[in-house]
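Okay, my_file-v7.cif now, which holds mmCIF, C-alpha atoms and all ligand atoms:
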data_my_file
#
loop_
_atom_site.label_atom_id
_atom_site.label_comp_id
_atom_site.auth_asym_id
_atom_site.auth_seq_id
_atom_site.Cartn_x
_atom_site.Cartn_y
_atom_site.Cartn_z
CA MET S 1 16.93 42.46 20.19
CA SER S 2 14.58 43.13 17.28
CA PHE S 3 11.71 40.84 16.48
CA ALA S 4 10.87 39.64 12.95
CA ALA S 5 7.40 40.26 11.55
CA ILE S 6 5.80 39.48 8.17
CA THR S 7 5.08 42.76 6.35
CA GLY S 8 4.57 41.48 2.81
CA VAL S 9 3.17 38.36 1.15
CA GLY S 10 3.16 37.45 -2.55
CA ALA S 11 2.48 34.53 -4.86
CA TYR S 12 3.00 33.50 -8.46
CA LEU S 13 1.52 30.58 -10.35
CA PRO S 14 2.29 29.52 -13.92
CA GLY S 15 -0.67 29.86 -16.27
CA ARG S 16 -0.96 26.30 -17.61
CA ILE S 17 -3.51 24.12 -15.77
CA VAL S 18 -3.20 20.34 -16.09
CA THR S 19 -6.23 18.40 -14.84
CA ASN S 20 -6.38 14.79 -13.66
CA ASP S 21 -8.21 13.93 -16.88
CA ASP S 22 -5.32 15.44 -18.88
CA LEU S 23 -2.91 13.09 -17.06
CA ALA S 24 -5.26 10.12 -17.47
CA ALA S 25 -5.02 10.66 -21.23
CA THR S 26 -1.28 9.82 -21.11
CA VAL S 27 -0.74 7.45 -18.13
CA ASP S 28 -2.79 4.61 -16.60
CA THR S 29 -4.62 6.60 -13.91
CA SER S 30 -8.01 8.25 -13.39
CA ASP S 31 -9.50 11.40 -11.92
CA GLU S 32 -11.30 9.21 -9.38
CA TRP S 33 -8.06 7.48 -8.20
CA ILE S 34 -6.15 10.75 -7.87
CA ARG S 35 -8.96 12.62 -6.08
CA THR S 36 -9.74 9.88 -3.57
CA ARG S 37 -6.06 9.06 -2.80
CA THR S 38 -4.70 12.63 -2.77
CA GLY S 39 -7.48 15.26 -2.95
CA ILE S 40 -5.81 16.78 -6.03
CA ARG S 41 -7.95 17.79 -9.03
CA GLU S 42 -5.56 19.96 -11.01
CA ARG S 43 -2.12 21.58 -10.83
CA ARG S 44 -0.15 24.38 -12.52
CA ILE S 45 2.85 23.52 -14.70
CA VAL S 46 5.71 25.85 -15.70
CA ALA S 47 5.90 27.01 -19.29
CA ALA S 48 8.74 25.66 -21.45
CA ASP S 49 10.62 28.97 -21.21
CA GLU S 50 9.97 29.51 -17.47
CA THR S 51 12.36 28.59 -14.64
CA THR S 52 12.18 28.33 -10.86
CA SER S 53 13.72 31.79 -10.49
CA ASP S 54 11.08 33.21 -12.86
CA LEU S 55 8.36 31.82 -10.58
CA GLY S 56 10.22 33.21 -7.56
CA ALA S 57 10.56 36.62 -9.20
CA GLY S 58 6.79 36.84 -9.71
CA ALA S 59 6.11 36.02 -6.05
CA ALA S 60 8.91 38.30 -4.77
CA ARG S 61 7.66 41.31 -6.76
CA ALA S 62 4.17 40.79 -5.36
CA ALA S 63 5.52 40.55 -1.79
CA LEU S 64 7.62 43.73 -2.22
CA LEU S 65 4.56 45.57 -3.53
CA ASP S 66 2.48 44.30 -0.61
CA ALA S 67 5.13 45.51 1.86
CA GLY S 68 5.47 48.87 0.05
CA LEU S 69 9.20 48.34 -0.47
CA GLU S 70 11.64 48.80 -3.37
CA PRO S 71 14.39 46.28 -4.31
CA ASP S 72 17.04 48.54 -2.74
CA ASP S 73 15.30 48.31 0.65
CA ILE S 74 16.04 44.57 0.95
CA ASP S 75 19.27 43.58 2.68
CA LEU S 76 19.09 39.78 2.40
CA LEU S 77 17.43 37.30 0.02
CA VAL S 78 16.89 33.66 1.06
CA VAL S 79 15.41 31.22 -1.45
CA GLY S 80 14.08 27.78 -0.52
CA THR S 81 14.00 25.37 -3.46
CA SER S 82 14.81 21.81 -4.54
CA SER S 83 14.53 22.46 -8.26
CA PRO S 84 17.22 25.10 -8.78
CA ASP S 85 17.54 26.70 -12.22
CA MET S 86 20.96 24.99 -12.44
CA VAL S 87 23.52 23.46 -10.07
CA MET S 88 25.39 26.75 -9.96
CA PRO S 89 24.99 29.66 -9.59
CA SER S 90 22.35 29.51 -6.90
CA THR S 91 18.74 30.25 -7.76
CA ALA S 92 18.91 33.07 -5.19
CA CYS S 93 21.68 34.78 -7.21
CA LEU S 94 19.73 34.41 -10.45
CA LEU S 95 16.64 35.77 -8.72
CA GLN S 96 18.64 38.63 -7.20
CA GLY S 97 19.72 39.65 -10.70
CA LYS S 98 16.17 39.45 -12.09
CA LEU S 99 14.78 41.60 -9.27
CA GLY S 100 17.58 44.16 -9.38
CA LEU S 101 18.44 43.59 -5.71
CA THR S 102 21.88 44.59 -4.43
CA CYS S 103 21.95 42.44 -1.26
CA ALA S 104 23.49 39.05 -0.46
CA ALA S 105 21.47 36.07 -1.65
CA PHE S 106 21.63 32.36 -0.89
CA ASP S 107 19.64 29.15 -1.36
CA VAL S 108 18.31 26.79 1.29
CA MET S 109 17.70 23.23 0.14
CA ALA S 110 15.51 21.14 2.43
CA ALA S 111 13.02 19.72 -0.07
CA CYS S 112 9.42 20.51 0.88
CA THR S 113 10.59 21.94 4.24
CA SER S 114 12.83 24.49 2.48
CA PHE S 115 10.56 27.46 3.21
CA ILE S 116 10.55 26.82 6.98
CA PHE S 117 14.36 26.48 7.04
CA ALA S 118 14.61 29.69 4.95
CA LEU S 119 12.23 31.47 7.35
CA GLN S 120 14.44 30.44 10.28
CA ALA S 121 17.52 31.87 8.52
CA ALA S 122 15.68 35.10 7.72
CA ALA S 123 14.21 35.57 11.20
CA SER S 124 17.58 34.83 12.83
CA ALA S 125 19.32 37.43 10.65
CA ILE S 126 16.80 40.04 11.79
CA GLU S 127 16.80 39.01 15.46
CA SER S 128 20.61 39.14 15.59
CA GLY S 129 20.63 42.62 14.06
CA ARG S 130 22.48 41.50 10.90
CA ALA S 131 19.56 42.41 8.62
CA ARG S 132 16.47 44.59 8.84
CA ARG S 133 14.49 43.61 5.76
CA VAL S 134 14.70 40.09 4.36
CA LEU S 135 12.93 38.64 1.33
CA VAL S 136 12.14 34.93 1.79
CA VAL S 137 11.05 33.00 -1.30
CA GLY S 138 9.81 29.43 -1.65
CA ALA S 139 9.89 28.44 -5.33
CA ASP S 140 9.79 25.09 -7.05
CA ALA S 141 9.31 23.76 -10.56
CA LEU S 142 9.40 20.19 -9.34
CA THR S 143 7.54 18.95 -12.42
CA ARG S 144 10.89 19.43 -14.21
CA LEU S 145 12.21 16.52 -12.08
CA ILE S 146 9.19 14.26 -12.64
CA ASP S 147 8.87 11.35 -15.03
CA PHE S 148 5.49 11.99 -16.65
CA SER S 149 5.22 8.30 -17.57
CA ASP S 150 5.40 7.31 -13.84
CA ARG S 151 1.84 7.41 -12.48
CA ARG S 152 3.07 7.02 -8.88
CA THR S 153 4.66 10.49 -8.89
CA CYS S 154 3.42 12.52 -11.86
CA VAL S 155 -0.07 13.00 -10.42
CA LEU S 156 1.19 14.58 -7.19
CA PHE S 157 3.22 17.66 -8.05
CA GLY S 158 2.62 21.17 -9.39
CA ASP S 159 4.73 24.32 -9.76
CA GLY S 160 4.60 27.75 -8.14
CA ALA S 161 6.21 30.26 -5.81
CA GLY S 162 5.35 32.24 -2.71
CA ALA S 163 7.25 34.94 -0.84
CA PHE S 164 7.32 36.83 2.46
CA VAL S 165 8.97 40.11 3.35
CA LEU S 166 10.19 39.94 6.95
CA GLU S 167 11.10 43.17 8.73
CA ALA S 168 12.59 44.12 12.07
CA SER S 169 9.72 45.08 14.33
CA GLU S 170 8.82 45.86 17.92
CA GLU S 171 6.03 43.31 17.53
CA GLN S 172 7.00 39.63 17.60
CA GLY S 173 5.62 38.14 14.40
CA VAL S 174 7.79 35.04 14.13
CA LEU S 175 7.48 33.20 17.46
CA GLY S 176 8.97 29.74 18.10
CA ILE S 177 10.49 27.58 15.37
CA ASP S 178 11.26 23.85 15.52
CA LEU S 179 13.41 22.23 12.82
CA GLY S 180 14.55 18.64 12.37
CA SER S 181 16.49 16.39 10.01
CA ASP S 182 17.07 12.65 9.76
CA GLY S 183 19.71 11.83 7.16
CA THR S 184 19.50 8.07 7.62
CA LYS S 185 16.72 7.58 5.06
CA PRO S 186 17.69 9.42 1.85
CA GLU S 187 16.17 6.67 -0.31
CA VAL S 188 12.60 7.46 0.81
CA LEU S 189 12.51 10.48 -1.48
CA GLN S 190 15.38 11.31 -3.79
CA VAL S 191 16.64 12.36 -7.21
CA PRO S 192 19.56 9.91 -7.53
CA ALA S 193 21.53 11.30 -10.49
CA GLY S 194 22.87 14.68 -11.48
CA GLY S 195 24.99 15.32 -8.38
CA SER S 196 28.46 14.19 -7.32
CA THR S 197 27.26 10.69 -6.38
CA MET S 198 26.10 9.92 -9.88
CA PRO S 199 27.01 12.63 -12.38
CA ALA S 200 24.66 12.90 -15.35
CA SER S 201 25.58 10.52 -18.16
CA HIS S 202 23.83 8.81 -21.06
CA GLU S 203 23.36 5.79 -18.77
CA THR S 204 21.75 7.76 -15.92
CA VAL S 205 19.42 9.50 -18.33
CA ASP S 206 18.51 6.22 -20.08
CA ALA S 207 17.71 4.71 -16.66
CA GLY S 208 15.61 7.74 -15.66
CA LEU S 209 17.78 8.36 -12.58
CA HIS S 210 17.50 12.14 -12.96
CA PHE S 211 13.81 11.84 -12.02
CA LEU S 212 12.32 12.02 -8.53
CA GLN S 213 11.84 8.62 -6.87
CA MET S 214 9.56 8.20 -3.89
CA ASN S 215 8.34 5.55 -1.48
CA GLY S 216 4.87 7.05 -1.06
CA GLN S 217 3.76 4.96 1.88
CA GLU S 218 6.93 5.72 3.88
CA VAL S 219 6.51 9.44 3.22
CA PHE S 220 2.88 9.21 4.31
CA LYS S 221 3.75 7.46 7.60
CA PHE S 222 6.57 9.91 8.27
CA ALA S 223 4.39 12.96 7.55
CA VAL S 224 1.52 12.02 9.87
CA ARG S 225 4.02 11.52 12.73
CA ALA S 226 6.26 14.51 12.00
CA ILE S 227 3.61 17.21 11.53
CA PRO S 228 1.93 16.82 14.95
CA ALA S 229 5.28 16.41 16.76
CA THR S 230 7.00 19.46 15.25
CA THR S 231 3.85 21.60 15.63
CA LYS S 232 3.68 20.80 19.34
CA LYS S 233 7.40 21.55 19.83
CA ALA S 234 7.17 24.90 18.03
CA LEU S 235 4.05 25.82 20.04
CA ALA S 236 5.85 24.92 23.29
CA ALA S 237 8.83 27.07 22.21
CA SER S 238 6.34 29.92 21.71
CA GLY S 239 4.66 29.44 25.09
CA LEU S 240 1.40 28.56 23.30
CA ALA S 241 -0.93 25.55 23.06
CA LEU S 242 -2.94 23.97 20.23
CA ASP S 243 -6.04 25.86 21.37
CA ASP S 244 -4.24 29.14 20.62
CA LEU S 245 -3.90 28.25 16.92
CA THR S 246 -6.13 30.06 14.45
CA TRP S 247 -4.81 28.08 11.47
CA LEU S 248 -2.64 25.00 11.01
CA ILE S 249 -1.01 25.46 7.59
CA PRO S 250 0.81 22.25 6.68
CA HIS S 251 2.79 21.60 3.52
CA GLN S 252 0.21 20.55 0.93
CA ALA S 253 1.20 17.01 -0.13
CA ASN S 254 -1.94 14.93 0.22
CA GLN S 255 -5.44 15.68 1.59
CA ARG S 256 -5.39 12.35 3.45
CA ILE S 257 -2.24 13.49 5.30
CA LEU S 258 -4.00 16.76 6.27
CA ASP S 259 -7.12 14.89 7.47
CA THR S 260 -5.08 12.36 9.48
CA VAL S 261 -3.07 15.16 11.11
CA ALA S 262 -6.26 17.07 12.01
CA ASP S 263 -7.63 13.92 13.68
CA ARG S 264 -4.38 13.19 15.54
CA LEU S 265 -4.19 16.76 16.85
CA LYS S 266 -7.96 16.80 17.52
CA LEU S 267 -8.25 20.01 15.48
CA PRO S 268 -11.44 20.78 13.56
CA HIS S 269 -10.71 20.01 9.89
CA GLU S 270 -11.78 23.53 8.89
CA ARG S 271 -8.82 24.96 10.88
CA VAL S 272 -6.35 22.92 8.81
CA PHE S 273 -5.84 24.91 5.63
CA SER S 274 -6.00 23.13 2.28
CA ASN S 275 -5.73 24.32 -1.31
CA ILE S 276 -4.26 21.06 -2.62
CA GLU S 277 -7.27 20.43 -4.85
CA LEU S 278 -6.22 23.22 -7.22
CA LEU S 279 -2.42 23.27 -6.83
CA GLY S 280 -1.16 19.77 -5.95
CA ASN S 281 2.16 19.55 -4.12
CA THR S 282 4.16 22.69 -4.94
CA SER S 283 7.02 21.71 -2.60
CA ALA S 284 8.81 24.76 -1.10
CA ALA S 285 6.10 27.06 -2.45
CA SER S 286 3.12 25.41 -0.81
CA ILE S 287 3.28 27.12 2.61
CA PRO S 288 3.68 30.74 1.41
CA LEU S 289 1.08 30.05 -1.32
CA ALA S 290 -1.30 28.86 1.40
CA VAL S 291 -0.68 31.96 3.52
CA ASN S 292 -1.20 34.14 0.43
CA ASP S 293 -4.54 32.44 -0.27
CA LEU S 294 -5.74 33.06 3.30
CA TYR S 295 -4.46 36.66 3.25
CA THR S 296 -5.89 37.70 -0.12
CA SER S 297 -9.25 36.08 0.64
CA GLY S 298 -9.49 38.26 3.79
CA SER S 299 -9.42 35.25 6.12
CA LEU S 300 -6.54 36.48 8.32
CA ARG S 301 -7.10 38.88 11.22
CA ARG S 302 -4.43 40.83 13.08
CA GLY S 303 -3.42 38.75 16.10
CA ASP S 304 -4.22 35.38 14.48
CA VAL S 305 -1.75 32.62 15.33
CA LEU S 306 -0.57 30.42 12.44
CA ALA S 307 1.44 27.20 12.53
CA LEU S 308 3.39 26.83 9.27
CA VAL S 309 4.53 23.21 9.07
CA GLY S 310 6.75 21.51 6.49
CA PHE S 311 8.06 18.00 5.88
CA GLY S 312 9.95 16.43 3.03
CA ALA S 313 12.97 14.66 1.63
CA GLY S 314 16.08 14.47 3.74
CA LEU S 315 14.17 13.60 5.76
CA THR S 316 13.41 17.11 7.01
CA TRP S 317 10.59 18.68 8.99
CA GLY S 318 9.87 21.95 10.74
CA ALA S 319 7.23 24.28 12.13
CA ALA S 320 7.15 28.05 12.59
CA ILE S 321 4.55 29.70 14.79
CA VAL S 322 3.64 33.13 13.44
CA ARG S 323 1.51 35.88 14.93
CA TRP S 324 -0.18 37.76 12.09
CA THR S 325 0.72 41.43 12.65
CA LYS S 326 -0.45 42.97 9.36
CA GLU S 327 -3.51 45.20 9.38
CA ASP S 328 -6.72 43.55 8.12
CA LEU S 329 -7.29 43.91 4.37
N1 LIG S 401 -3.23 5.96 -10.59
C1 LIG S 401 -3.68 4.71 -10.46
N2 LIG S 401 -3.07 3.77 -9.71
C2 LIG S 401 -1.95 4.16 -9.05
C3 LIG S 401 -1.42 5.45 -9.15
C4 LIG S 401 -2.11 6.37 -9.96
N3 LIG S 401 -1.69 7.65 -10.12
N4 LIG S 401 -0.32 5.53 -8.38
C5 LIG S 401 -0.14 4.32 -7.82
N5 LIG S 401 -1.12 3.49 -8.23
C6 LIG S 401 -1.32 2.07 -7.90
C7 LIG S 401 -0.03 1.40 -7.51
O1 LIG S 401 0.66 0.97 -8.66
C8 LIG S 401 -0.56 0.25 -6.68
O2 LIG S 401 -1.01 -0.76 -7.57
P1 LIG S 401 -0.70 -2.30 -7.27
O3 LIG S 401 -1.39 -2.58 -5.95
O4 LIG S 401 -1.30 -2.98 -8.44
O5 LIG S 401 0.79 -2.39 -7.18
C9 LIG S 401 -1.80 0.83 -6.00
O6 LIG S 401 -2.15 2.01 -6.75
C10 LIG S 401 -1.56 1.24 -4.57
O7 LIG S 401 -0.35 1.96 -4.51
P2 LIG S 401 0.15 2.62 -3.17
O8 LIG S 401 1.49 3.23 -3.39
O9 LIG S 401 0.00 1.60 -2.07
O10 LIG S 401 -0.95 3.75 -2.97
P3 LIG S 401 -1.21 4.67 -1.71
O11 LIG S 401 -2.57 4.47 -1.21
O12 LIG S 401 -0.06 4.60 -0.74
O13 LIG S 401 -1.19 6.12 -2.38
C11 LIG S 401 0.27 7.99 -2.61
C12 LIG S 401 -0.03 6.56 -3.04
C13 LIG S 401 -0.88 8.87 -3.04
C14 LIG S 401 1.55 8.44 -3.31
C15 LIG S 401 0.43 8.07 -1.08
O14 LIG S 401 1.29 7.05 -0.62
C16 LIG S 401 0.96 9.40 -0.64
O15 LIG S 401 0.36 10.43 -0.84
N6 LIG S 401 2.11 9.44 0.02
C17 LIG S 401 2.74 10.67 0.42
C18 LIG S 401 3.49 11.23 -0.75
C19 LIG S 401 4.01 12.61 -0.49
O16 LIG S 401 3.51 13.33 0.33
N7 LIG S 401 5.06 12.98 -1.24
C20 LIG S 401 5.63 14.28 -1.19
C21 LIG S 401 6.53 14.48 -0.04
S1 LIG S 401 7.11 16.11 0.09
C22 LIG S 401 8.60 16.32 -0.72
O17 LIG S 401 9.64 16.46 -0.10
C23 LIG S 401 8.66 16.33 -2.22
#
In structure tokens, how does this file's structure come out?
Amino acid sequence: MSFAAITGVGAYLPGRIVTNDDLAATVDTSDEWIRTRTGIRERRIVAADETTSDLGAGAARAALLDAGLEPDDIDLLVVGTSSPDMVMPSTACLLQGKLGLTCAAFDVMAACTSFIFALQAAASAIESGRARRVLVVGADALTRLIDFSDRRTCVLFGDGAGAFVLEASEEQGVLGIDLGSDGTKPEVLQVPAGGSTMPASHETVDAGLHFLQMNGQEVFKFAVRAIPATTKKALAASGLALDDLTWLIPHQANQRILDTVADRLKLPHERVFSNIELLGNTSAASIPLAVNDLYTSGSLRRGDVLALVGFGAGLTWGAAIVRWTKEDL
């Protein structure tokens, strides 16, 4: 059996920065409220002519360059997203076309856990021998699903994309993975209209049902339980313990969630990565964007052990333990 290892990392962020003060100019909120409740100061927002697959293409090209590979070298593309360019075709197919890839391509939709589910699919394809080089992209333009007159949600999200190249390797880069779903609570975080339950109509648009709706406190309570539990399970599946972790890299949804998780796991806060201040919640992109930040700032050393941990609508959650096998920058 081959192992899967990360050989390329890339990121792409849209150019437009929207600060808390910018939002406070249009809705009843303040920089102080947003910073103290979430840790967010600013976020990036897609341009009017940009789509999720455009963001993904930027990140994918950077990851291919980092891995020293050409589009033809890739034999599978997996895209994690909850803000697809359109209902069909898949964002992965649109991205495949933009990149000039010739391989099979499919989407994984697990809200903010999409990247971890996509990573599982990619690693499994390599470990089973069905693929040797897989491009895994987490891309979201979730601000396209946000009501910018709703202060409870519009302050939280930003847009972006991150990507990994995974390759068959004699070194085990992807160690244990734990995934979970609980489909009994869809109402905690949902976009009610636009699917087969409630097809888009004048009425659904008038009622704002095509926008994301969230019970923030329920998500918060779920996240601070799910992150420690799934991290411990994935570590156990890897034969490792919390002390072996170099970095805990959770989905970036709220600084207070990250701080609570650090306390519950008794991890020093400086080992729990955060870039939420500058990016907000970028959904499926947040974990590869975080890894890219650590990598490009020279903070990762060969042999480091990372816990990549997602949670989101579904409900879904998951953790992947990764041994960093790339040479130091
Ligand atoms: N500015 C000012 N006031 C606000 C704002 C805002 N942006 N948003 C809410 N408020 C008000 C509310 O209206 C409420 O006022 P009221 O008491 O007069 O009714 C008050 O602040 C408190 O509201 P709460 O919802 O209780 O605020 P809370 O402390 O729970 O913070 C928050 C809200 C930040 C959303 C928090 O619950 C949270 O971060 N939850 C997790 C959300 C999350 O992670 N979502 C992403 C999940 S990942 C995915 O799959 C997409």
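By all atoms listed in the file, and with residues fewer than 4 positions from S:Ala234 along its chain excluded, the set lying at most 7 Å from it is Gly176, Ile177, Asp178, Thr230, Ser238, Ala319, Ala320 and Ile321 of chain S.
Distances from S:Ser53, S:Asn292, S:Thr231, S:Thr282 to ligand LIG 401 (chain S) were compared using all atoms listed in the file, and the smallest one belongs to S:Thr282.
Residues with any atom within 6 Å of the point (12.5, 21.5, -4.9), counting all atoms listed in the file, are Thr81, Ser82, Ser83, Ala111, Asp140, Leu142 and Ser283 of chain S.
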Would you mind listing, for every residue of chain S within 7 Å of ligand LIG 401 (chain S), the two atoms forming the shortest contact and the distance between them in Å to one decimal, using all atoms listed in the file, sorted by chain and ascending residue number, as a tab-separated table?
residue	atom	partner	partner_atom	distance
S:Asp28	CA	S:LIG401	N1	6.2
S:Thr29	CA	S:LIG401	N1	3.7
S:Ser30	CA	S:LIG401	N1	6.0
S:Trp33	CA	S:LIG401	N1	5.6
S:Ile34	CA	S:LIG401	N3	5.9
S:Arg37	CA	S:LIG401	C13	5.2
S:Thr38	CA	S:LIG401	C13	5.4
S:Ala111	CA	S:LIG401	O17	4.7
S:Cys112	CA	S:LIG401	O17	4.2
S:Arg151	CA	S:LIG401	N3	4.3
S:Arg152	CA	S:LIG401	N4	3.7
S:Thr153	CA	S:LIG401	C14	6.7
S:Val155	CA	S:LIG401	N3	5.6
S:Leu189	CA	S:LIG401	O17	6.8
S:Gly216	CA	S:LIG401	O14	3.6
S:Gln217	CA	S:LIG401	O14	4.1
S:Val219	CA	S:LIG401	C17	4.9
S:Phe220	CA	S:LIG401	C17	4.2
S:Ala253	CA	S:LIG401	O16	4.4
S:Asn254	CA	S:LIG401	O15	5.2
S:Asn281	CA	S:LIG401	C20	7.0
S:Ser283	CA	S:LIG401	C23	5.6
S:Phe311	CA	S:LIG401	S1	6.2
S:Gly312	CA	S:LIG401	O17	3.1
S:Ala313	CA	S:LIG401	O17	4.2
Please report as a tab-separated table every residue of stretch 236-326 of chain S lying within 10 Å of stretch 113-117 of chain S, along with the nearest atom pair and their distance in Å (one decimal), using only C-alpha atoms.
residue	atom	partner	partner_atom	distance
S:His251	CA	S:Thr113	CA	7.8
S:Ser283	CA	S:Thr113	CA	7.7
S:Ala284	CA	S:Phe115	CA	5.4
S:Ala285	CA	S:Phe115	CA	7.2
S:Ser286	CA	S:Phe115	CA	8.7
S:Ile287	CA	S:Phe115	CA	7.3
S:Pro288	CA	S:Phe115	CA	7.8
S:Leu308	CA	S:Ile116	CA	7.5
S:Val309	CA	S:Ile116	CA	7.3
S:Gly310	CA	S:Thr113	CA	4.5
S:Phe311	CA	S:Thr113	CA	5.0
S:Gly312	CA	S:Thr113	CA	5.7
S:Ala313	CA	S:Thr113	CA	8.1
S:Gly314	CA	S:Thr113	CA	9.3
S:Leu315	CA	S:Thr113	CA	9.2
S:Thr316	CA	S:Thr113	CA	6.2
S:Trp317	CA	S:Thr113	CA	5.8
S:Gly318	CA	S:Ile116	CA	6.2
S:Ala319	CA	S:Ile116	CA	6.6
S:Ala320	CA	S:Ile116	CA	6.7
Could you please fill out stretch 240-258 of chain S with N, CA and C atoms and send it back as an mmCIF file, keeping the file's coordinate frame?
data_model
loop_
_atom_site.group_PDB
_atom_site.id
_atom_site.type_symbol
_atom_site.label_atom_id
_atom_site.label_comp_id
_atom_site.auth_asym_id
_atom_site.auth_seq_id
_atom_site.Cartn_x
_atom_site.Cartn_y
_atom_site.Cartn_z
ATOM 1 N N LEU S 240 2.810 28.650 23.719
ATOM 2 C CA LEU S 240 1.400 28.560 23.300
ATOM 3 C C LEU S 240 0.964 27.101 23.257
ATOM 4 N N ALA S 241 -0.356 26.902 23.130
ATOM 5 C CA ALA S 241 -0.930 25.550 23.060
ATOM 6 C C ALA S 241 -1.756 25.425 21.779
ATOM 7 N N LEU S 242 -2.153 24.204 21.454
ATOM 8 C CA LEU S 242 -2.940 23.970 20.230
ATOM 9 C C LEU S 242 -4.199 24.834 20.168
ATOM 10 N N ASP S 243 -4.816 25.054 21.340
ATOM 11 C CA ASP S 243 -6.040 25.860 21.370
ATOM 12 C C ASP S 243 -5.802 27.300 20.926
ATOM 13 N N ASP S 244 -4.554 27.759 21.013
ATOM 14 C CA ASP S 244 -4.240 29.140 20.620
ATOM 15 C C ASP S 244 -4.161 29.301 19.106
ATOM 16 N N LEU S 245 -4.087 28.176 18.373
ATOM 17 C CA LEU S 245 -3.900 28.250 16.920
ATOM 18 C C LEU S 245 -5.164 28.707 16.199
ATOM 19 N N THR S 246 -5.009 29.684 15.317
ATOM 20 C CA THR S 246 -6.130 30.060 14.450
ATOM 21 C C THR S 246 -6.124 29.138 13.223
ATOM 22 N N TRP S 247 -4.935 28.928 12.664
ATOM 23 C CA TRP S 247 -4.810 28.080 11.470
ATOM 24 C C TRP S 247 -3.591 27.171 11.591
ATOM 25 N N LEU S 248 -3.769 25.893 11.272
ATOM 26 C CA LEU S 248 -2.640 25.000 11.010
ATOM 27 C C LEU S 248 -2.473 24.992 9.488
ATOM 28 N N ILE S 249 -1.275 25.357 9.039
ATOM 29 C CA ILE S 249 -1.010 25.460 7.590
ATOM 30 C C ILE S 249 0.117 24.497 7.249
ATOM 31 N N PRO S 250 -0.233 23.220 7.005
ATOM 32 C CA PRO S 250 0.810 22.250 6.680
ATOM 33 C C PRO S 250 1.190 22.318 5.205
ATOM 34 N N HIS S 251 2.392 21.829 4.915
ATOM 35 C CA HIS S 251 2.790 21.600 3.520
ATOM 36 C C HIS S 251 1.705 20.770 2.843
ATOM 37 N N GLN S 252 1.340 21.167 1.628
ATOM 38 C CA GLN S 252 0.210 20.550 0.930
ATOM 39 C C GLN S 252 0.713 19.387 0.059
ATOM 40 N N ALA S 253 0.705 18.164 0.623
ATOM 41 C CA ALA S 253 1.200 17.010 -0.130
ATOM 42 C C ALA S 253 0.084 16.043 -0.474
ATOM 43 N N ASN S 254 -0.889 15.921 0.424
ATOM 44 C CA ASN S 254 -1.940 14.930 0.220
ATOM 45 C C ASN S 254 -3.077 15.255 1.207
ATOM 46 N N GLN S 255 -4.314 15.338 0.713
ATOM 47 C CA GLN S 255 -5.440 15.680 1.590
ATOM 48 C C GLN S 255 -5.595 14.653 2.710
ATOM 49 N N ARG S 256 -5.248 13.382 2.405
ATOM 50 C CA ARG S 256 -5.390 12.350 3.450
ATOM 51 C C ARG S 256 -4.379 12.573 4.582
ATOM 52 N N ILE S 257 -3.208 13.125 4.246
ATOM 53 C CA ILE S 257 -2.240 13.490 5.300
ATOM 54 C C ILE S 257 -2.844 14.605 6.163
ATOM 55 N N LEU S 258 -3.433 15.625 5.520
ATOM 56 C CA LEU S 258 -4.000 16.760 6.270
ATOM 57 C C LEU S 258 -5.131 16.278 7.180
#
